[in-house]
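Here's start_38.cif, which has mmCIF, C-alpha atoms:
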data_query
#
loop_
_atom_site.group_PDB
_atom_site.id
_atom_site.type_symbol
_atom_site.label_atom_id
_atom_site.label_comp_id
_atom_site.auth_asym_id
_atom_site.auth_seq_id
_atom_site.Cartn_x
_atom_site.Cartn_y
_atom_site.Cartn_z
ATOM 1 C CA MET A 1 -3.608 39.044 -38.649
ATOM 2 C CA TYR A 2 -3.134 37.704 -42.192
ATOM 3 C CA THR A 3 -3.705 34.163 -40.945
ATOM 4 C CA ALA A 4 -6.936 35.152 -39.201
ATOM 5 C CA ILE A 5 -8.230 36.831 -42.366
ATOM 6 C CA ALA A 6 -7.196 33.843 -44.485
ATOM 7 C CA ASN A 7 -8.924 31.432 -42.088
ATOM 8 C CA ALA A 8 -12.101 33.525 -42.005
ATOM 9 C CA THR A 9 -12.151 33.729 -45.795
ATOM 10 C CA LYS A 10 -11.702 29.977 -46.048
ATOM 11 C CA LEU A 11 -14.603 29.432 -43.646
ATOM 12 C CA VAL A 12 -16.866 31.766 -45.655
ATOM 13 C CA ASN A 13 -16.000 29.972 -48.896
ATOM 14 C CA GLU A 14 -16.067 26.389 -47.638
ATOM 15 C CA LYS A 15 -18.726 26.531 -44.906
ATOM 16 C CA PRO A 16 -20.954 29.557 -45.490
ATOM 17 C CA ASP A 17 -23.738 28.200 -43.253
ATOM 18 C CA GLU A 18 -21.345 27.909 -40.314
ATOM 19 C CA ALA A 19 -19.908 31.363 -41.054
ATOM 20 C CA ALA A 20 -23.438 32.817 -41.145
ATOM 21 C CA LYS A 21 -24.198 31.332 -37.746
ATOM 22 C CA ILE A 22 -21.008 32.764 -36.249
ATOM 23 C CA LEU A 23 -21.633 36.214 -37.733
ATOM 24 C CA SER A 24 -25.186 36.302 -36.403
ATOM 25 C CA GLU A 25 -23.974 35.297 -32.937
ATOM 26 C CA ILE A 26 -21.248 37.937 -32.968
ATOM 27 C CA ASP A 27 -23.657 40.755 -33.795
ATOM 28 C CA GLY A 28 -26.144 39.622 -31.168
ATOM 29 C CA GLY A 29 -28.719 38.486 -33.711
ATOM 30 C CA LYS A 30 -29.227 41.932 -35.241
ATOM 31 C CA VAL A 31 -28.849 40.214 -38.605
ATOM 32 C CA SER A 32 -30.325 36.725 -38.778
ATOM 33 C CA GLN A 33 -28.357 33.665 -39.746
ATOM 34 C CA GLU A 34 -30.611 33.344 -42.816
ATOM 35 C CA GLN A 35 -29.803 36.897 -43.926
ATOM 36 C CA TYR A 36 -26.077 36.233 -43.578
ATOM 37 C CA LYS A 37 -26.474 32.983 -45.521
ATOM 38 C CA LYS A 38 -28.078 34.912 -48.384
ATOM 39 C CA LEU A 39 -25.238 37.435 -48.386
ATOM 40 C CA LEU A 40 -22.484 34.827 -48.194
ATOM 41 C CA ASN A 41 -24.019 32.632 -50.899
ATOM 42 C CA ASN A 42 -24.477 35.497 -53.359
ATOM 43 C CA LYS A 43 -22.688 34.326 -56.522
ATOM 44 C CA ALA A 44 -22.112 37.943 -57.610
ATOM 45 C CA VAL A 45 -19.646 38.353 -54.724
ATOM 46 C CA ALA A 46 -16.339 36.527 -54.348
ATOM 47 C CA TYR A 47 -14.538 36.341 -51.024
ATOM 48 C CA GLY A 48 -10.772 36.133 -51.151
ATOM 49 C CA ILE A 49 -7.585 37.530 -49.687
ATOM 50 C CA GLU A 50 -6.076 38.873 -52.898
ATOM 51 C CA PRO A 51 -7.271 42.156 -54.392
ATOM 52 C CA ILE A 52 -8.905 41.671 -57.772
ATOM 53 C CA ASP A 53 -9.729 44.352 -60.298
ATOM 54 C CA ILE A 54 -9.510 47.226 -57.820
ATOM 55 C CA LEU A 55 -7.578 49.726 -59.935
ATOM 56 C CA SER A 56 -9.830 49.404 -62.967
ATOM 57 C CA ARG A 57 -12.692 50.922 -60.957
ATOM 58 C CA PHE A 58 -10.979 54.326 -60.605
#

Would you mind writing the file's structure down as structure tokens?
Amino acid sequence: MYTAIANATKLVNEKPDEAAKILSEIDGGKVSQEQYKKLLNNKAVAYGIEPIDILSRF
């Protein structure tokens, strides 16, 4: 499972357009590829496999 999450995270970070297409296909087009691209390219969000700054929020 870790490997699958790591691979998905790598895809989102390295090929967000491809990841957006896959996500839109998986959800049956409920969210468009363009909407996913906007979400995945948002610079205010970082996608990774290591928790960052979680405890400081509580």

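Between CA of Ala20 (chain A) and CA of Tyr2 (chain A) the interatomic distance comes to 20.9 Å.
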
For this session: Find the residues near Ala46 (chain A): any atom within 10 Å, counting all atoms listed in the file, skip ones fewer than 3 places away on the same chain, and give them as a PyMOL selection string.
Result: chain A and resi 9+12-13+40-43+49+52

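The spacing separating CA of Lys21 (chain A) from CA of Met1 (chain A) amounts to 22.0 Å.
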
Exercise. Hey, can you check how far CA of Ala44 (chain A) sits from CA of Glu14 (chain A)?
Worked result: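 Between CA of Ala44 (chain A) and CA of Glu14 (chain A) the gap works out to 16.4 Å.
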
Exercise. If you apply the PyMOL selection byres ((chain A and resi 33) around 7) to this file, what residues do you get, as an MDAnalysis selection string?
Worked result: chainID A and resid 20:21 24 31:32 34:37

For this session: Using all atoms listed in the file, pick whichever of A:Leu39, A:Thr3, A:Pro51, A:Val45 has the shortest atom-to-atom distance to Leu23 (chain A).
Result: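 Smallest distance to Leu23 (chain A) is found for A:Leu39.
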